[in-house]
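Here is the file upload17.txt (compact mmCIF, C-alpha atoms).
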# COMPACT_ATOMS: atom_id res chain seq x y z
CA MET Z 67 0.00 0.00 0.00
CA THR Z 68 2.75 2.39 0.99
CA GLY Z 69 4.43 1.56 -2.27
CA THR Z 70 1.35 2.51 -4.27
CA ALA Z 71 0.83 5.61 -2.13
CA GLY Z 72 4.43 6.54 -2.67
CA SER Z 73 4.13 6.00 -6.38
CA ILE Z 74 1.00 8.18 -6.42
CA VAL Z 75 2.85 10.92 -4.54
CA VAL Z 76 5.74 10.63 -6.95
CA ALA Z 77 3.38 10.78 -9.90
CA LEU Z 78 1.67 13.87 -8.46
CA LEU Z 79 5.03 15.51 -7.87
CA LEU Z 80 6.00 14.72 -11.41
CA LEU Z 81 2.76 16.18 -12.73
CA LEU Z 82 3.17 19.29 -10.63
CA THR Z 83 6.73 19.76 -11.70
CA ALA Z 84 5.65 19.11 -15.25
CA GLY Z 85 3.00 21.79 -14.79
CA CYS Z 86 5.61 24.16 -13.42
CA ALA Z 87 7.87 23.28 -16.23
CA ARG Z 88 5.11 24.16 -18.68
CA ALA Z 89 4.32 27.31 -16.84
CA LYS Z 90 7.89 28.48 -17.31
CA PRO Z 91 8.20 27.64 -20.95
CA ASP Z 92 5.28 29.91 -21.67
CA PRO Z 93 7.41 32.95 -21.07
CA PRO Z 94 9.77 31.61 -23.66
CA ALA Z 95 6.90 32.30 -25.99
CA PRO Z 96 8.33 35.77 -26.24
CA GLU Z 97 11.33 34.07 -27.73
CA PRO Z 98 9.36 33.00 -30.76
CA LYS Z 99 8.10 36.57 -30.91
CA THR Z 100 11.60 37.89 -31.10
CA VAL Z 101 12.29 35.23 -33.66
CA ALA Z 102 9.24 36.40 -35.56
CA THR Z 103 10.42 39.97 -35.52
CA ARG Z 104 13.77 38.93 -36.79
CA PRO Z 105 12.44 37.39 -39.95
CA ALA Z 106 10.39 40.52 -40.48
CA ALA Z 107 13.53 42.57 -40.52
CA PRO Z 108 15.19 40.59 -43.27
CA GLN Z 109 11.99 40.73 -45.32
CA ALA Z 110 11.75 44.45 -44.91
CA PRO Z 111 14.84 45.39 -46.85
CA ALA Z 112 13.74 43.22 -49.71
CA LYS Z 113 10.27 44.75 -49.84
CA PRO Z 114 10.99 48.42 -49.43
CA ALA Z 115 12.87 48.12 -52.65
CA ALA Z 116 9.56 47.52 -54.37
CA PRO Z 117 7.67 50.46 -52.83
CA ALA Z 118 10.66 52.67 -53.44
CA THR Z 119 10.34 52.27 -57.17
CA PRO Z 120 6.64 53.10 -57.49
CA THR Z 121 7.03 56.19 -55.35
CA THR Z 122 9.60 57.90 -57.46
CA THR Z 123 8.62 61.31 -56.15
CA PRO Z 124 9.85 60.84 -52.59
CA ALA Z 125 13.00 62.59 -53.58
CA ALA Z 126 10.99 65.74 -53.31
CA GLY Z 127 9.11 64.73 -50.22
CA SER Z 128 12.09 64.15 -48.07
CA ALA Z 129 10.21 65.52 -45.10
CA ARG Z 130 7.66 62.81 -45.60
CA THR Z 131 10.07 60.08 -46.46
CA ALA Z 132 11.10 60.03 -42.85
CA LYS Z 133 7.56 59.14 -41.91
CA SER Z 134 6.32 57.13 -44.83
CA PRO Z 135 8.96 54.43 -45.03
CA ALA Z 136 8.11 53.17 -41.56
CA PRO Z 137 4.51 52.27 -42.34
CA LYS Z 138 5.52 50.80 -45.66
CA VAL Z 139 8.02 48.51 -44.02
CA ALA Z 140 5.59 47.61 -41.29
CA ARG Z 141 2.84 46.73 -43.72
CA GLY Z 142 4.97 44.31 -45.56
CA GLY Z 143 5.12 43.41 -49.19
CA ALA Z 144 1.49 42.67 -50.04
CA PRO Z 145 0.09 46.22 -49.54
CA PRO Z 146 2.24 47.86 -52.22
CA VAL Z 147 0.32 45.82 -54.77
CA ALA Z 148 -2.95 47.10 -53.36
CA ARG Z 149 -1.53 50.60 -53.15
CA THR Z 150 -0.67 51.00 -56.76
CA PRO Z 151 -4.28 51.24 -57.87
CA ALA Z 152 -5.18 53.46 -54.91
CA ALA Z 153 -2.27 55.80 -55.53
CA ALA Z 154 -3.23 56.35 -59.13
CA PRO Z 155 -6.72 57.79 -59.14
CA PRO Z 156 -7.58 59.67 -62.29
CA LEU Z 157 -6.46 63.22 -61.63
CA ASP Z 158 -8.80 65.79 -63.05
CA LEU Z 159 -7.34 69.08 -61.97
CA LYS Z 160 -9.88 71.09 -63.91
CA ALA Z 161 -12.77 69.34 -62.23
CA LEU Z 162 -11.20 69.79 -58.81
CA THR Z 163 -10.59 73.46 -59.50
CA GLN Z 164 -14.16 73.88 -60.64
CA GLN Z 165 -15.46 72.14 -57.54
CA LEU Z 166 -13.30 74.37 -55.36
CA ARG Z 167 -14.72 77.42 -57.09
CA GLU Z 168 -18.26 76.22 -56.60
CA THR Z 169 -18.09 74.90 -53.07
CA LYS Z 170 -20.01 76.84 -50.47
CA ALA Z 171 -17.77 75.58 -47.70
CA ILE Z 172 -15.27 78.36 -48.41
CA GLY Z 173 -16.15 82.03 -48.51
CA ILE Z 174 -15.34 84.18 -51.52
CA PHE Z 175 -12.63 86.20 -49.83
CA THR Z 176 -11.04 83.05 -48.51
CA LYS Z 177 -11.11 81.54 -52.01
CA ILE Z 178 -9.32 84.59 -53.38
CA ALA Z 179 -6.76 84.46 -50.56
CA LEU Z 180 -6.24 80.76 -51.25
CA LYS Z 181 -5.82 81.44 -54.95
CA ASN Z 182 -3.22 84.08 -54.10
CA GLN Z 183 -1.31 81.48 -52.13
CA VAL Z 184 -1.62 78.90 -54.89
CA ASP Z 185 -0.26 81.46 -57.35
CA ASP Z 186 2.62 82.22 -54.97
CA LEU Z 187 3.46 78.53 -54.77
CA LEU Z 188 3.33 78.18 -58.56
CA ASP Z 189 5.65 81.19 -58.83
CA ALA Z 190 8.05 79.55 -56.40
CA PHE Z 191 8.02 76.41 -58.57
CA ARG Z 192 8.57 78.48 -61.70
CA LYS Z 193 11.59 80.19 -60.15
CA HIS Z 194 12.84 76.84 -58.92
CA TYR Z 195 12.77 75.39 -62.42
CA GLN Z 196 14.28 78.54 -63.90
CA GLY Z 197 17.22 78.17 -61.58
CA ASN Z 198 16.42 81.25 -59.53
CA ALA Z 199 15.44 79.00 -56.72
CA LYS Z 200 15.15 80.52 -53.33
CA LEU Z 201 13.43 77.41 -52.11
CA ALA Z 202 14.69 73.86 -52.29
CA THR Z 203 12.37 71.06 -53.31
CA THR Z 204 11.89 70.12 -49.68
CA ASP Z 205 10.78 73.66 -48.89
CA LEU Z 206 8.40 73.59 -51.83
CA ARG Z 207 6.99 70.34 -50.59
CA ARG Z 208 6.49 71.86 -47.16
CA SER Z 209 4.70 74.84 -48.66
CA PHE Z 210 2.57 72.50 -50.75
CA ASP Z 211 1.67 70.43 -47.70
CA LEU Z 212 0.78 73.51 -45.70
CA LEU Z 213 -1.42 74.83 -48.45
CA MET Z 214 -3.13 71.48 -48.78
CA MET Z 215 -3.71 71.45 -45.06
CA LYS Z 216 -5.29 74.88 -45.21
CA VAL Z 217 -7.61 73.84 -48.02
CA LEU Z 218 -8.56 70.62 -46.27
CA THR Z 219 -9.16 72.43 -42.99
CA LEU Z 220 -11.56 74.74 -44.74
CA LEU Z 221 -13.35 71.92 -46.54
CA GLN Z 222 -13.43 68.99 -44.17
CA ASP Z 223 -16.43 70.05 -42.12
CA GLU Z 224 -18.77 71.23 -44.83
CA ASP Z 225 -17.64 69.54 -48.04
CA GLN Z 226 -16.20 66.20 -47.11
CA MET Z 227 -16.61 64.81 -50.62
CA LEU Z 228 -14.36 67.46 -52.10
CA ALA Z 229 -11.95 67.18 -49.19
CA SER Z 230 -11.55 63.45 -49.74
CA ALA Z 231 -11.24 63.98 -53.49
CA ILE Z 232 -8.39 66.40 -52.86
CA VAL Z 233 -6.77 64.07 -50.36
CA SER Z 234 -6.82 61.23 -52.86
CA SER Z 235 -5.38 63.50 -55.56
CA ARG Z 236 -2.77 65.03 -53.31
CA GLU Z 237 0.20 62.93 -54.42
CA ALA Z 238 -0.86 63.14 -58.04
CA ILE Z 239 -0.95 66.93 -57.79
CA TRP Z 240 2.49 66.90 -56.22
CA GLY Z 241 3.61 64.60 -59.01
CA VAL Z 242 2.57 67.23 -61.55
CA LEU Z 243 4.28 70.05 -59.64
CA ALA Z 244 7.47 68.13 -58.98
CA ASP Z 245 7.90 67.14 -62.62
CA PRO Z 246 9.28 70.08 -64.65
CA LYS Z 247 7.68 68.83 -67.88
CA LYS Z 248 4.25 68.29 -66.37
CA PHE Z 249 4.55 71.60 -64.54
CA ALA Z 250 5.35 73.42 -67.78
CA ILE Z 251 2.23 71.92 -69.36
CA LEU Z 252 0.14 72.85 -66.33
CA VAL Z 253 1.30 76.45 -66.30
CA ALA Z 254 1.14 76.92 -70.04
CA MET V 1060 -61.33 98.59 -39.50
CA ASN V 1061 -59.35 97.05 -36.68
CA ARG V 1062 -58.83 93.96 -38.78
CA LEU V 1063 -57.39 96.03 -41.55
CA ILE V 1064 -54.93 97.62 -39.17
CA VAL V 1065 -53.88 94.25 -37.80
CA VAL V 1066 -53.42 92.82 -41.29
CA ALA V 1067 -51.44 95.86 -42.35
CA ALA V 1068 -49.28 95.64 -39.25
CA LEU V 1069 -48.67 91.93 -39.84
CA ALA V 1070 -47.85 92.62 -43.46
CA MET V 1071 -45.14 95.00 -42.30
CA ILE V 1072 -43.83 93.00 -39.37
CA VAL V 1073 -43.66 89.50 -40.91
CA PRO V 1074 -41.36 90.40 -43.80
CA ALA V 1075 -39.20 92.42 -41.42
CA PHE V 1076 -38.69 89.41 -39.16
CA SER V 1077 -38.19 87.02 -42.04
CA ALA V 1078 -35.52 89.30 -43.45
CA VAL V 1079 -33.52 89.30 -40.23
CA PRO V 1080 -32.30 85.68 -40.47
CA SER V 1081 -30.95 86.11 -43.99
CA PHE V 1082 -29.09 89.23 -42.93
CA ALA V 1083 -27.78 87.38 -39.89
CA GLN V 1084 -26.73 84.48 -42.09
CA ASP V 1085 -24.89 86.82 -44.45
CA ASP V 1086 -23.24 88.52 -41.52
CA ALA V 1087 -22.19 85.21 -39.99
CA ALA V 1088 -20.87 84.00 -43.34
CA LEU V 1089 -18.86 87.20 -43.77
CA LYS V 1090 -17.39 86.89 -40.29
CA LYS V 1091 -16.48 83.29 -40.95
CA ASP V 1092 -14.94 84.22 -44.29
CA LEU V 1093 -12.85 86.98 -42.76
CA THR V 1094 -11.83 84.72 -39.88
CA ALA V 1095 -10.54 82.21 -42.41
CA VAL V 1096 -8.76 84.90 -44.42
CA ILE V 1097 -7.00 86.26 -41.34
CA ALA V 1098 -6.04 82.74 -40.28
CA LEU V 1099 -4.75 82.00 -43.80
CA HIS V 1100 -2.41 84.94 -43.40
CA GLY V 1101 -1.17 83.46 -40.16
CA LEU V 1102 -2.36 86.32 -38.03
CA PRO V 1103 -3.81 85.98 -34.54
CA CYS V 1104 -7.51 86.58 -34.24
CA GLY V 1105 -9.46 83.66 -32.90
CA GLN V 1106 -12.77 84.63 -34.43
CA VAL V 1107 -14.06 87.75 -36.10
CA VAL V 1108 -16.77 89.15 -33.89
CA ALA V 1109 -17.59 92.38 -35.70
CA VAL V 1110 -17.25 93.59 -39.26
CA LYS V 1111 -17.56 97.04 -40.67
CA VAL V 1112 -17.95 97.26 -44.40
CA GLN V 1113 -15.86 100.22 -45.58
CA ALA V 1114 -16.25 99.72 -49.30
CA GLU V 1115 -16.65 96.91 -51.76
CA ASN V 1116 -14.17 94.17 -50.81
CA ASP V 1117 -12.91 96.34 -47.99
CA TYR V 1118 -13.61 95.47 -44.37
CA ALA V 1119 -12.57 96.37 -40.89
CA ALA V 1120 -12.66 93.23 -38.79
CA SER V 1121 -12.59 93.09 -35.01
CA CYS V 1122 -11.41 89.87 -33.47
CA GLN V 1123 -12.33 87.99 -30.36
CA ASP V 1124 -8.83 88.52 -28.97
CA GLY V 1125 -9.02 92.27 -29.45
CA ASN V 1126 -7.02 92.49 -32.65
CA ARG V 1127 -8.38 94.62 -35.46
CA TYR V 1128 -7.56 94.13 -39.10
CA HIS V 1129 -8.13 95.93 -42.34
CA VAL V 1130 -8.99 93.25 -44.88
CA TYR V 1131 -9.26 94.30 -48.48
CA MET V 1132 -8.50 93.34 -52.04
CA ASN V 1133 -5.81 95.42 -53.68
CA ALA V 1134 -5.60 96.43 -57.32
CA ALA V 1135 -3.58 93.33 -58.15
CA GLY V 1136 -6.41 91.13 -56.94
CA ARG V 1137 -4.63 90.04 -53.79
CA VAL V 1138 -6.39 89.81 -50.48
CA VAL V 1139 -4.42 91.92 -48.01
CA VAL V 1140 -4.71 91.81 -44.25
CA GLU V 1141 -3.24 94.74 -42.37
CA LYS V 1142 -3.23 95.42 -38.69

Translate the structure described by the file into structure tokens.
Amino acid sequence: MTGTAGSIVVALLLLLTAGCARAKPDPPAPEPKTVATRPAAPQAPAKPAAPATPTTTPAAGSARTAKSPAPKVARGGAPPVARTPAAAPPLDLKALTQQLRETKAIGIFTKIALKNQVDDLLDAFRKHYQGNAKLATTDLRRSFDLLMMKVLTLLQDEDQMLASAIVSSREAIWGVLADPKKFAILVA
Amino acid sequence: MNRLIVVAALAMIVPAFSAVPSFAQDDAALKKDLTAVIALHGLPCGQVVAVKVQAENDYAASCQDGNRYHVYMNAAGRVVVEK
């Protein structure tokens, strides 16, 4: 009897220690996590190469490049495929301009003030391409972003459709401005 | 006779009251517009609380924070904000 009781006690001890042993290995679970993060790092360098090619403009948006690469790397390789269609919405500048003129979300004086600022930015681009550049491309990008922010601030509460249309066209508009040939066509 | 007077009075009062909201709306829209213009120029204001129309496209705006601005369109078609 004592032998069986002893064996039961031993078995229980074994089970308990086994339970403890399992309880400890759980923390090692973080180890696989670190292992998982490691593979992500090697994948990242391979994938950013792909997003880097579609977004040829980042040269201009150096201020943004500091922010944008991080999400791109984090999102992995699949999203860039989905992004390509999203990043290339048909840009109809004339329609957007017309909608901006017609929107009631912005007052007339504000529209004129905005147009003044748009003209100033276009002048800055013109000087930049003529070589009389006071502003570097990064500065132009900052001015562009600020102007966009102003427009969106004015629109977002009362004309969300137009605001989202402008947001989705934002990079395409920058693409036109940052390309001397496209800019020349736009200004002509 | 009394009825006629009442009807005449109503005829005068009702349009007067109905006209007030549209004027108020215009006034509010102008204040909002000038607030946005001043903000676009990066000047402190908060909100335009009073506007005096000096001429066409020429306003004197008083701000919530006490600042006063002369907002007008110059000959070149630029909106100018001066303190």

Sorted by chain and rising residue number, which residues of chain V lie within 6 Å of chain Z, and what are their closest atom pairs and distances in Å to one decimal, counting only C-alpha atoms, as a Markdown table?
| residue | atom | partner | partner_atom | distance |
| --- | --- | --- | --- | --- |
| V:Asp1092 | CA | Z:Gly173 | CA | 4.9 |
| V:Val1096 | CA | Z:Thr176 | CA | 5.0 |
| V:Val1138 | CA | Z:Ala179 | CA | 5.4 |

Grab the atom CA of V:Leu1089 to atom CA of V:Gly1136 distance for me, in Å with one decimal place.
-> 18.5 Å

Atomic separation - atom CA of Z:Arg192 relative to atom CA of Z:Val253, Å = 8.8 Å

State, in Å with one decimal place, the distance from atom CA of V:Gln1123 to atom CA of Z:Asp223.
->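 Here the two named atoms are 21.8 Å from each other.
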
Who sits within 9 Å of stretch 1100-1116 of chain V, only C-alpha atoms, same chain under 6 positions skipped, as a list in words |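 Here the qualifying residues turn out to be Phe175 and Ala179 of chain Z; Asp1086, Leu1089, Lys1090, Lys1091, Asp1092, Leu1093, Thr1094, Cys1122, Gln1123, Asp1124, Gly1125, Asn1126, Arg1127, Tyr1128, Val1130, Tyr1131, Met1132, Asn1133, Val1138, Val1139 and Val1140 of chain V.
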
Contacts of stretch 160-164 of chain Z within 8 Å, all atoms listed in the file, excl. fewer than 3 positions in-chain, as an mmCIF file with C-alpha atoms, keeping the file's coordinate frame:
data_model
loop_
_atom_site.group_PDB
_atom_site.id
_atom_site.type_symbol
_atom_site.label_atom_id
_atom_site.label_comp_id
_atom_site.auth_asym_id
_atom_site.auth_seq_id
_atom_site.Cartn_x
_atom_site.Cartn_y
_atom_site.Cartn_z
ATOM 1 C CA ARG Z 167 -14.720 77.420 -57.090
ATOM 2 C CA GLU Z 168 -18.260 76.220 -56.600
ATOM 3 C CA LEU Z 228 -14.360 67.460 -52.100
ATOM 4 C CA ALA Z 231 -11.240 63.980 -53.490
ATOM 5 C CA ILE Z 232 -8.390 66.400 -52.860
#

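Among the candidate residues Z:Ser230, Z:Asn198, Z:Arg236, Z:Val184, the one lying nearest to V:Arg1137 is Z:Val184, with distances computed using only C-alpha atoms.
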